[in-house]
$ cat upload.cif   # mmCIF, C-alpha atoms
data_upload
loop_
_atom_site.label_atom_id
_atom_site.label_comp_id
_atom_site.auth_asym_id
_atom_site.auth_seq_id
_atom_site.Cartn_x
_atom_site.Cartn_y
_atom_site.Cartn_z
CA GLU A 1 -68.22 5.98 -87.11
CA ALA A 2 -71.99 6.25 -87.33
CA ALA A 3 -74.00 3.04 -87.62
CA PRO A 4 -75.67 2.73 -91.05
CA ALA A 5 -79.45 2.99 -91.26
CA PRO A 6 -81.12 -0.45 -91.41
CA SER A 7 -82.62 0.35 -94.80
CA ALA A 8 -79.27 1.34 -96.27
CA SER A 9 -77.09 -1.66 -95.44
CA PRO A 10 -77.02 -4.84 -93.34
CA SER A 11 -76.61 -4.49 -89.58
CA PRO A 12 -73.06 -4.50 -88.24
CA GLU A 13 -71.55 -7.82 -87.28
CA LEU A 14 -72.63 -8.81 -83.78
CA ASN A 15 -70.71 -10.62 -81.08
CA GLY A 16 -72.10 -13.26 -78.78
CA SER A 17 -73.81 -10.69 -76.55
CA GLY A 18 -75.84 -9.23 -79.39
CA ARG A 19 -73.75 -6.02 -79.48
CA PRO A 20 -71.51 -4.90 -82.38
CA ALA A 21 -68.18 -6.76 -82.49
CA ARG A 22 -66.47 -3.35 -82.60
CA PRO A 23 -68.00 -0.63 -80.42
CA LEU A 24 -69.58 2.16 -82.47
CA ALA A 25 -68.30 5.64 -81.61
CA LYS A 26 -67.17 8.76 -83.40
CA PRO A 27 -63.43 9.60 -83.41
CA PRO A 28 -63.69 12.38 -80.74
CA VAL A 29 -65.53 9.96 -78.45
CA ARG A 30 -62.87 7.29 -79.03
CA LYS A 31 -60.17 9.83 -78.14
CA LEU A 32 -62.03 10.83 -74.97
CA ALA A 33 -62.29 7.20 -73.92
CA LYS A 34 -58.59 6.68 -74.61
CA ASP A 35 -57.62 9.76 -72.57
CA LEU A 36 -59.77 8.60 -69.64
CA GLY A 37 -58.56 5.01 -69.87
CA ILE A 38 -62.01 3.61 -70.68
CA ASP A 39 -62.47 0.45 -72.75
CA LEU A 40 -65.27 1.18 -75.21
CA ALA A 41 -66.18 -2.50 -75.33
CA ALA A 42 -67.32 -2.20 -71.70
CA VAL A 43 -69.43 0.93 -72.26
CA THR A 44 -73.20 0.69 -72.58
CA PRO A 45 -74.28 2.80 -75.59
CA SER A 46 -77.26 5.15 -75.40
CA GLY A 47 -77.07 6.73 -78.84
CA PRO A 48 -79.16 5.77 -81.85
CA ASP A 49 -78.29 2.41 -83.44
CA GLY A 50 -76.00 1.57 -80.53
CA ILE A 51 -73.59 4.48 -80.91
CA ILE A 52 -71.55 5.32 -77.81
CA THR A 53 -71.80 9.01 -76.85
CA ARG A 54 -69.52 11.28 -74.81
CA GLU A 55 -72.05 11.05 -71.98
CA ASP A 56 -71.75 7.26 -72.03
CA VAL A 57 -67.97 7.50 -71.70
CA HIS A 58 -68.19 9.97 -68.82
CA ALA A 59 -70.75 7.76 -67.08
CA ALA A 60 -68.42 4.77 -67.41
CA ALA A 61 -65.49 6.82 -66.11
CA GLU A 62 -67.52 7.95 -63.10
CA ALA A 63 -68.45 4.35 -62.37
CA VAL A 64 -64.78 3.38 -62.47
CA GLN A 65 -63.93 6.34 -60.25
CA THR A 66 -66.53 5.26 -57.69
CA ALA A 67 -65.15 1.75 -57.66
CA ARG A 68 -61.66 3.09 -57.07
CA GLU A 69 -62.80 4.98 -53.98
CA THR A 70 -63.29 1.66 -52.18
CA PRO A 71 -59.95 1.06 -50.43
CA VAL A 72 -58.40 -2.09 -51.82
CA ALA A 73 -54.82 -3.08 -51.20
CA ALA A 74 -52.97 -3.33 -54.50
CA PRO A 75 -51.79 -6.89 -55.03
CA SER A 76 -48.06 -7.24 -55.30
CA ARG A 77 -45.61 -10.07 -55.59
CA ALA A 78 -42.10 -10.32 -54.28
CA VAL A 79 -39.20 -10.83 -56.67
CA GLU A 80 -35.96 -12.25 -55.22
CA GLY A 81 -37.02 -10.90 -51.85
CA ARG A 82 -35.85 -7.34 -52.59
CA GLU A 83 -38.29 -6.17 -55.26
CA ARG A 84 -42.05 -5.75 -55.49
CA ARG A 85 -44.22 -5.72 -58.59
CA VAL A 86 -47.54 -3.86 -58.51
CA PRO A 87 -49.94 -3.96 -61.47
CA VAL A 88 -50.25 -0.67 -63.34
CA LYS A 89 -53.92 0.28 -63.41
CA GLY A 90 -56.44 2.97 -62.55
CA VAL A 91 -55.36 6.60 -62.48
CA ARG A 92 -51.67 5.82 -62.88
CA LYS A 93 -52.26 3.71 -65.99
CA ALA A 94 -54.53 6.33 -67.58
CA THR A 95 -52.03 9.09 -66.77
CA ALA A 96 -49.10 7.13 -68.16
CA GLN A 97 -50.90 6.46 -71.45
CA ALA A 98 -52.02 10.09 -71.73
CA MET A 99 -48.48 11.36 -71.16
CA VAL A 100 -47.02 8.99 -73.75
CA ASN A 101 -49.65 10.05 -76.27
CA SER A 102 -48.96 13.73 -75.57
CA ALA A 103 -45.18 13.44 -75.69
CA PHE A 104 -45.19 11.64 -79.03
CA THR A 105 -48.05 13.57 -80.66
CA ALA A 106 -47.51 17.25 -79.85
CA PRO A 107 -44.06 18.72 -80.67
CA HIS A 108 -43.04 20.19 -77.32
CA VAL A 109 -40.97 23.34 -76.91
CA THR A 110 -39.95 24.54 -73.44
CA GLU A 111 -38.70 28.01 -72.53
CA PHE A 112 -37.39 29.24 -69.18
CA VAL A 113 -37.18 32.55 -67.36
CA THR A 114 -35.82 33.41 -63.91
CA VAL A 115 -37.61 36.24 -62.15
CA ASP A 116 -37.48 38.29 -58.95
CA VAL A 117 -40.81 37.65 -57.19
CA THR A 118 -40.07 39.56 -53.99
CA ARG A 119 -43.00 41.94 -54.56
CA THR A 120 -45.34 39.03 -55.27
CA MET A 121 -44.34 37.30 -52.03
CA LYS A 122 -45.01 40.53 -50.14
CA LEU A 123 -48.42 40.79 -51.81
CA VAL A 124 -49.20 37.21 -50.75
CA ALA A 125 -48.42 38.14 -47.15
CA ASP A 126 -50.62 41.25 -47.41
CA LEU A 127 -53.52 39.33 -48.95
CA LYS A 128 -53.48 36.83 -46.09
CA GLN A 129 -54.39 39.75 -43.80
CA ASP A 130 -57.05 41.14 -46.14
CA PRO A 131 -60.63 40.62 -44.84
CA ALA A 132 -61.81 39.98 -48.41
CA MET A 133 -59.60 36.87 -48.50
CA ALA A 134 -60.49 35.57 -45.04
CA GLY A 135 -60.83 31.79 -44.94
CA LEU A 136 -59.45 31.38 -48.46
CA ARG A 137 -56.31 29.61 -49.65
CA VAL A 138 -53.79 32.40 -50.32
CA ASN A 139 -50.37 31.33 -51.57
CA PRO A 140 -47.92 32.13 -54.38
CA LEU A 141 -49.65 29.63 -56.70
CA LEU A 142 -52.78 31.78 -56.59
CA LEU A 143 -50.91 34.78 -58.00
CA VAL A 144 -49.09 32.62 -60.55
CA ALA A 145 -52.50 31.44 -61.74
CA LYS A 146 -53.76 35.02 -61.95
CA ALA A 147 -50.60 36.08 -63.80
CA LEU A 148 -51.07 33.29 -66.36
CA LEU A 149 -54.70 34.32 -66.89
CA VAL A 150 -53.58 37.90 -67.53
CA ALA A 151 -50.95 36.67 -69.99
CA ILE A 152 -53.57 34.60 -71.84
CA ARG A 153 -55.89 37.59 -72.05
CA ARG A 154 -53.07 39.61 -73.62
CA ASN A 155 -52.10 36.72 -75.93
CA PRO A 156 -55.38 34.86 -76.56
CA ASP A 157 -54.09 32.73 -79.46
CA VAL A 158 -52.11 30.61 -76.99
CA ASN A 159 -55.40 29.27 -75.62
CA ALA A 160 -56.15 26.76 -78.35
CA THR A 161 -56.12 23.10 -79.28
CA TRP A 162 -55.11 21.10 -82.34
CA ASP A 163 -57.96 19.14 -83.94
CA GLU A 164 -56.18 16.36 -85.79
CA ASP A 165 -59.35 14.77 -87.16
CA ASN A 166 -60.55 17.95 -88.86
CA GLN A 167 -57.12 19.53 -89.38
CA GLU A 168 -58.15 22.70 -87.58
CA ILE A 169 -56.86 24.91 -84.78
CA VAL A 170 -59.65 25.56 -82.29
CA TYR A 171 -59.24 28.90 -80.50
CA LYS A 172 -61.05 29.11 -77.17
CA ASP A 173 -62.58 32.22 -75.65
CA TYR A 174 -62.59 30.72 -72.17
CA VAL A 175 -59.92 29.32 -69.87
CA ASN A 176 -60.39 26.11 -67.93
CA LEU A 177 -57.25 26.28 -65.81
CA GLY A 178 -55.74 22.91 -64.93
CA ILE A 179 -53.73 22.43 -61.74
CA ALA A 180 -51.55 19.31 -61.67
CA ALA A 181 -52.04 17.52 -58.35
CA ALA A 182 -50.03 14.64 -56.91
CA THR A 183 -52.31 12.25 -55.02
CA PRO A 184 -51.86 8.79 -53.48
CA ARG A 185 -53.60 7.41 -56.59
CA GLY A 186 -51.19 9.18 -58.95
CA LEU A 187 -51.00 12.45 -60.86
CA ILE A 188 -54.30 14.05 -61.82
CA VAL A 189 -55.08 17.39 -63.48
CA PRO A 190 -58.46 18.77 -62.44
CA ASN A 191 -59.30 22.20 -63.83
CA ILE A 192 -61.08 25.34 -62.71
CA LYS A 193 -63.89 25.97 -65.16
CA ASP A 194 -64.07 29.53 -66.60
CA ALA A 195 -61.12 30.65 -64.49
CA HIS A 196 -60.74 33.70 -66.73
CA ALA A 197 -64.03 35.15 -65.41
CA LYS A 198 -63.24 34.78 -61.70
CA THR A 199 -62.20 37.50 -59.28
CA LEU A 200 -59.15 36.86 -57.11
CA PRO A 201 -61.27 35.69 -54.13
CA GLU A 202 -63.31 33.44 -56.43
CA LEU A 203 -60.14 32.00 -57.95
CA ALA A 204 -58.71 31.38 -54.46
CA SER A 205 -61.91 29.61 -53.42
CA ALA A 206 -61.94 27.42 -56.54
CA LEU A 207 -58.25 26.59 -56.12
CA GLY A 208 -58.75 25.61 -52.49
CA GLU A 209 -61.71 23.39 -53.35
CA LEU A 210 -59.78 21.75 -56.19
CA VAL A 211 -56.83 20.88 -53.94
CA THR A 212 -59.01 19.58 -51.11
CA THR A 213 -61.10 17.44 -53.44
CA ALA A 214 -57.98 15.97 -55.05
CA ARG A 215 -56.41 15.09 -51.71
CA GLU A 216 -59.61 13.39 -50.55
CA GLY A 217 -59.80 11.36 -53.77
CA LYS A 218 -63.13 12.90 -54.76
CA THR A 219 -62.12 14.43 -58.09
CA THR A 220 -64.58 13.36 -60.80
CA PRO A 221 -63.83 12.72 -64.49
CA ALA A 222 -65.82 15.86 -65.32
CA ASP A 223 -63.42 17.86 -63.12
CA MET A 224 -60.53 16.62 -65.24
CA SER A 225 -62.05 17.09 -68.69
CA GLY A 226 -62.15 20.20 -70.85
CA GLY A 227 -58.92 21.83 -69.63
CA THR A 228 -57.24 24.41 -71.86
CA VAL A 229 -53.94 25.23 -70.08
CA THR A 230 -52.27 23.85 -66.96
CA ILE A 231 -49.97 24.89 -64.12
CA THR A 232 -47.71 22.40 -62.35
CA ASN A 233 -46.20 23.58 -59.07
CA VAL A 234 -42.90 21.70 -58.90
CA GLY A 235 -41.63 24.23 -56.38
CA VAL A 236 -43.50 22.53 -53.55
CA PHE A 237 -41.00 19.68 -53.89
CA GLY A 238 -38.02 22.06 -53.77
CA ILE A 239 -37.42 21.80 -57.54
CA ASP A 240 -36.17 24.83 -59.45
CA ALA A 241 -37.46 24.00 -62.92
CA GLY A 242 -38.41 21.26 -65.34
CA THR A 243 -39.73 20.52 -68.82
CA PRO A 244 -43.39 19.66 -68.22
CA ILE A 245 -45.35 17.51 -70.67
CA LEU A 246 -48.58 18.95 -72.03
CA ASN A 247 -51.86 17.69 -70.69
CA PRO A 248 -53.48 15.97 -73.72
CA GLY A 249 -55.48 18.36 -75.88
CA GLU A 250 -54.00 21.49 -74.31
CA SER A 251 -51.70 24.07 -75.85
CA ALA A 252 -49.44 25.01 -72.93
CA ILE A 253 -48.34 24.09 -69.41
CA LEU A 254 -46.50 26.35 -66.97
CA ALA A 255 -44.10 24.94 -64.37
CA PHE A 256 -43.66 27.08 -61.24
CA GLY A 257 -40.36 26.42 -59.49
CA ALA A 258 -39.25 26.86 -55.89
CA VAL A 259 -39.00 30.42 -54.54
CA LYS A 260 -35.56 30.89 -52.98
CA LEU A 261 -33.62 33.76 -51.43
CA GLN A 262 -30.78 34.55 -53.84
CA PRO A 263 -28.34 37.40 -54.56
CA TRP A 264 -29.94 39.59 -57.24
CA VAL A 265 -29.09 42.91 -58.83
CA HIS A 266 -31.85 45.26 -57.67
CA LYS A 267 -31.68 49.01 -58.40
CA GLY A 268 -28.01 48.72 -59.26
CA GLU A 269 -27.00 46.82 -56.11
CA VAL A 270 -26.66 43.14 -55.28
CA LYS A 271 -29.26 42.31 -52.68
CA PRO A 272 -30.95 39.18 -51.34
CA ARG A 273 -34.20 38.77 -53.27
CA GLN A 274 -36.81 36.04 -53.57
CA VAL A 275 -36.32 34.44 -56.97
CA THR A 276 -38.02 31.66 -58.92
CA THR A 277 -37.76 29.99 -62.33
CA LEU A 278 -40.73 29.55 -64.65
CA ALA A 279 -40.85 27.05 -67.51
CA LEU A 280 -43.46 27.08 -70.26
CA SER A 281 -43.94 24.08 -72.54
CA PHE A 282 -46.17 24.58 -75.55
CA ASP A 283 -47.42 22.76 -78.63
CA HIS A 284 -45.29 24.08 -81.48
CA ARG A 285 -47.90 23.12 -84.06
CA LEU A 286 -50.07 26.02 -82.97
CA VAL A 287 -47.86 28.16 -80.71
CA ASP A 288 -44.72 29.55 -82.33
CA GLY A 289 -41.66 30.81 -80.47
CA GLU A 290 -42.77 34.43 -80.50
CA LEU A 291 -46.18 33.73 -79.01
CA GLY A 292 -44.81 31.33 -76.41
CA SER A 293 -42.12 33.85 -75.43
CA LYS A 294 -44.65 36.66 -75.07
CA VAL A 295 -46.85 34.57 -72.78
CA LEU A 296 -43.93 33.55 -70.56
CA ALA A 297 -42.56 37.10 -70.48
CA ASP A 298 -45.97 38.47 -69.45
CA VAL A 299 -46.30 35.96 -66.62
CA ALA A 300 -42.83 36.91 -65.39
CA ALA A 301 -43.58 40.64 -65.69
CA VAL A 302 -46.73 40.33 -63.57
CA LEU A 303 -44.93 38.33 -60.89
CA GLU A 304 -42.06 40.81 -60.84
CA ARG A 305 -44.42 43.77 -60.49
CA PRO A 306 -47.83 42.47 -59.39
CA LYS A 307 -49.41 45.95 -59.69
CA ARG A 308 -49.66 44.99 -63.37
CA LEU A 309 -52.60 42.86 -62.31
CA ILE A 310 -54.36 46.23 -62.12
CA THR A 311 -52.69 48.22 -64.89
CA TRP A 312 -53.00 45.37 -67.40
CA ALA A 313 -56.56 44.47 -66.44
#
$ encode --input "upload.cif" --output "structure tokens"
Amino acid sequence: EAAPAPSASPSPELNGSGRPARPLAKPPVRKLAKDLGIDLAAVTPSGPDGIITREDVHAAAEAVQTARETPVAAPSRAVEGRERRVPVKGVRKATAQAMVNSAFTAPHVTEFVTVDVTRTMKLVADLKQDPAMAGLRVNPLLLVAKALLVAIRRNPDVNATWDEDNQEIVYKDYVNLGIAAATPRGLIVPNIKDAHAKTLPELASALGELVTTAREGKTTPADMSGGTVTITNVGVFGIDAGTPILNPGESAILAFGAVKLQPWVHKGEVKPRQVTTLALSFDHRLVDGELGSKVLADVAAVLERPKRLITWA
């Protein structure tokens, strides 16, 4: 909503502080502020004629983030001696609102596949001994991330977003890979910028830095903006599968379940194999069942036979 030129129409109605009664911002900027939990009325505009820009919103979000880093005990009040009530605010409030918006805006579809990842687990063990990976975080999630990136390269149309304002599908030629992280402040989804262009050691380094930063509470709003697809590792909690909700503005999210030793038919015989379940939720407005199935099948195929990381490169 651009402010009219002074010569074209009267100035917008002002409040007592001399600022517009309704903050001036374009629809994408309003959506960004909503996703980040920022009240536009509290943002200082830097654009022409008092228009709030994306940079203004990010600056406000960073200021809020800095304030949150100061340890403050959350006020609570007892109810009947056996209950506590804690105000919903900060990261948890922003996450809750974003998840509600996503769940009731994008039509979710979730598909599942169970896969033998014995070879992938062996590769993880081998990589931990590889000098090229020394000092880096090497775990199954790293190879799941690489498998998803391969699947996106083979099925690029899955990497897109729905632009409601302009009624367009925006296809992206880059992958900012989100990793859902549970922190004491709540769930956050920082992303690895340009993950598609990184080598395996570079991806491992970025993943390690992302996790460390999240645990220390140092993730910035910029780290959490611009994601295209996300992985949530529910397996670390011993969970087999789930139906993950899309991160707002993204087309797909992959849930990686627990890896467990199970009886499995391998080469015609029942043997103990390391097995996991993958679940892919996607926005059915822009990803149909065929495309979603191909992406999930490719991820599973790579994890079943990780040499495809080379043959499919």
$ atom_distance --input "upload.cif" --atom1 "atom CA of Ser293 of chain A" --atom2 "atom CA of Leu309 of chain A"
19.1 Å
$ residues_around --input "upload.cif" --residues "Val124 of chain A" --least-positions-apart "2" --cutoff "7 Å" --atoms "all atoms listed in the file" --output "list in words"
Thr120, Met121, Lys122, Asp126, Leu127, Lys128, Val138, Asn139 and Pro140 of chain A
$ resolve_selection --input "upload.cif" --expression "the PyMOL selection byres ((chain A and resi 23-39) around 6)" --output "ChimeraX atom specification"
/A:1,20,22,40-42,51-52,54,94,98
$ residues_around --input "upload.cif" --residues "segment 231-236 of chain A" --least-positions-apart "4" --cutoff "8 Å" --atoms "only C-alpha atoms" --output "JSON, numbers by chain"
{"A": [141, 145, 177, 178, 179, 180, 181, 240, 241, 242, 244, 253, 254, 255, 256, 257, 258, 259]}
$ atom_distance --input "upload.cif" --atom1 "atom CA of Tyr174 of chain A" --atom2 "atom CA of Ala252 of chain A"
14.4 Å
$ residues_around --input "upload.cif" --residues "Pro201 of chain A" --least-positions-apart "3" --cutoff "8 Å" --atoms "only C-alpha atoms" --output "compact mmCIF listing (two decimals) with C-alpha atoms, keeping the file's coordinate frame"
# COMPACT_ATOMS: atom_id res chain seq x y z
CA ALA A 132 -61.81 39.98 -48.41
CA MET A 133 -59.60 36.87 -48.50
CA LEU A 136 -59.45 31.38 -48.46
CA LYS A 198 -63.24 34.78 -61.70
CA ALA A 204 -58.71 31.38 -54.46
CA SER A 205 -61.91 29.61 -53.42
$ atom_distance --input "upload.cif" --atom1 "atom CA of Val302 of chain A" --atom2 "atom CA of Leu207 of chain A"
19.4 Å
$ decode --input "upload.cif" --residues "segment 82-101 of chain A" --atoms "N, CA, C and O atoms" --output "mmCIF file, in the first residue's frame"
data_model
loop_
_atom_site.group_PDB
_atom_site.id
_atom_site.type_symbol
_atom_site.label_atom_id
_atom_site.label_comp_id
_atom_site.auth_asym_id
_atom_site.auth_seq_id
_atom_site.Cartn_x
_atom_site.Cartn_y
_atom_site.Cartn_z
ATOM 1 N N ARG A 82 -1.977 -26.612 41.353
ATOM 2 C CA ARG A 82 -1.447 -27.728 40.571
ATOM 3 C C ARG A 82 -1.281 -27.390 39.101
ATOM 4 O O ARG A 82 -0.985 -28.267 38.294
ATOM 5 N N GLU A 83 -1.481 -26.146 38.732
ATOM 6 C CA GLU A 83 -1.311 -25.716 37.350
ATOM 7 C C GLU A 83 -0.503 -24.434 37.318
ATOM 8 O O GLU A 83 -0.466 -23.685 38.291
ATOM 9 N N ARG A 84 0.159 -24.182 36.198
ATOM 10 C CA ARG A 84 0.881 -22.936 35.993
ATOM 11 C C ARG A 84 0.464 -22.351 34.655
ATOM 12 O O ARG A 84 0.251 -23.080 33.692
ATOM 13 N N ARG A 85 0.367 -21.063 34.580
ATOM 14 C CA ARG A 85 0.051 -20.377 33.328
ATOM 15 C C ARG A 85 1.209 -19.451 32.966
ATOM 16 O O ARG A 85 1.613 -18.613 33.779
ATOM 17 N N VAL A 86 1.750 -19.644 31.771
ATOM 18 C CA VAL A 86 2.870 -18.840 31.297
ATOM 19 C C VAL A 86 2.433 -18.113 30.032
ATOM 20 O O VAL A 86 1.907 -18.738 29.105
ATOM 21 N N PRO A 87 2.614 -16.806 29.955
ATOM 22 C CA PRO A 87 2.209 -16.062 28.762
ATOM 23 C C PRO A 87 2.878 -16.598 27.502
ATOM 24 O O PRO A 87 4.057 -16.948 27.516
ATOM 25 N N VAL A 88 2.119 -16.679 26.423
ATOM 26 C CA VAL A 88 2.652 -17.117 25.150
ATOM 27 C C VAL A 88 3.217 -15.894 24.436
ATOM 28 O O VAL A 88 2.482 -14.959 24.105
ATOM 29 N N LYS A 89 4.522 -15.897 24.206
ATOM 30 C CA LYS A 89 5.153 -14.751 23.551
ATOM 31 C C LYS A 89 6.453 -15.184 22.898
ATOM 32 O O LYS A 89 6.830 -16.363 22.961
ATOM 33 N N GLY A 90 7.117 -14.243 22.262
ATOM 34 C CA GLY A 90 8.424 -14.514 21.666
ATOM 35 C C GLY A 90 8.368 -15.547 20.556
ATOM 36 O O GLY A 90 7.437 -15.582 19.746
ATOM 37 N N VAL A 91 9.388 -16.402 20.536
ATOM 38 C CA VAL A 91 9.530 -17.395 19.472
ATOM 39 C C VAL A 91 8.344 -18.335 19.438
ATOM 40 O O VAL A 91 7.814 -18.664 18.372
ATOM 41 N N ARG A 92 7.891 -18.772 20.611
ATOM 42 C CA ARG A 92 6.783 -19.735 20.633
ATOM 43 C C ARG A 92 5.505 -19.130 20.052
ATOM 44 O O ARG A 92 4.763 -19.783 19.324
ATOM 45 N N LYS A 93 5.246 -17.865 20.360
ATOM 46 C CA LYS A 93 4.047 -17.217 19.831
ATOM 47 C C LYS A 93 4.139 -17.062 18.320
ATOM 48 O O LYS A 93 3.175 -17.322 17.596
ATOM 49 N N ALA A 94 5.310 -16.630 17.831
ATOM 50 C CA ALA A 94 5.488 -16.450 16.390
ATOM 51 C C ALA A 94 5.373 -17.787 15.660
ATOM 52 O O ALA A 94 4.754 -17.882 14.597
ATOM 53 N N THR A 95 5.952 -18.839 16.248
ATOM 54 C CA THR A 95 5.884 -20.164 15.635
ATOM 55 C C THR A 95 4.457 -20.678 15.595
ATOM 56 O O THR A 95 4.007 -21.215 14.583
ATOM 57 N N ALA A 96 3.738 -20.504 16.698
ATOM 58 C CA ALA A 96 2.355 -20.970 16.757
ATOM 59 C C ALA A 96 1.505 -20.306 15.681
ATOM 60 O O ALA A 96 0.729 -20.970 14.979
ATOM 61 N N GLN A 97 1.644 -18.983 15.535
ATOM 62 C CA GLN A 97 0.860 -18.259 14.541
ATOM 63 C C GLN A 97 1.232 -18.696 13.129
ATOM 64 O O GLN A 97 0.366 -18.881 12.268
ATOM 65 N N ALA A 98 2.543 -18.899 12.899
ATOM 66 C CA ALA A 98 2.990 -19.320 11.569
ATOM 67 C C ALA A 98 2.449 -20.704 11.217
ATOM 68 O O ALA A 98 2.037 -20.956 10.080
ATOM 69 N N MET A 99 2.422 -21.609 12.209
ATOM 70 C CA MET A 99 1.938 -22.955 11.942
ATOM 71 C C MET A 99 0.435 -22.967 11.676
ATOM 72 O O MET A 99 -0.057 -23.701 10.816
ATOM 73 N N VAL A 100 -0.301 -22.153 12.410
ATOM 74 C CA VAL A 100 -1.750 -22.049 12.172
ATOM 75 C C VAL A 100 -2.010 -21.501 10.778
ATOM 76 O O VAL A 100 -2.843 -22.023 10.026
ATOM 77 N N ASN A 101 -1.277 -20.447 10.417
ATOM 78 C CA ASN A 101 -1.447 -19.864 9.078
ATOM 79 C C ASN A 101 -1.142 -20.879 7.991
ATOM 80 O O ASN A 101 -1.860 -20.983 6.995
#
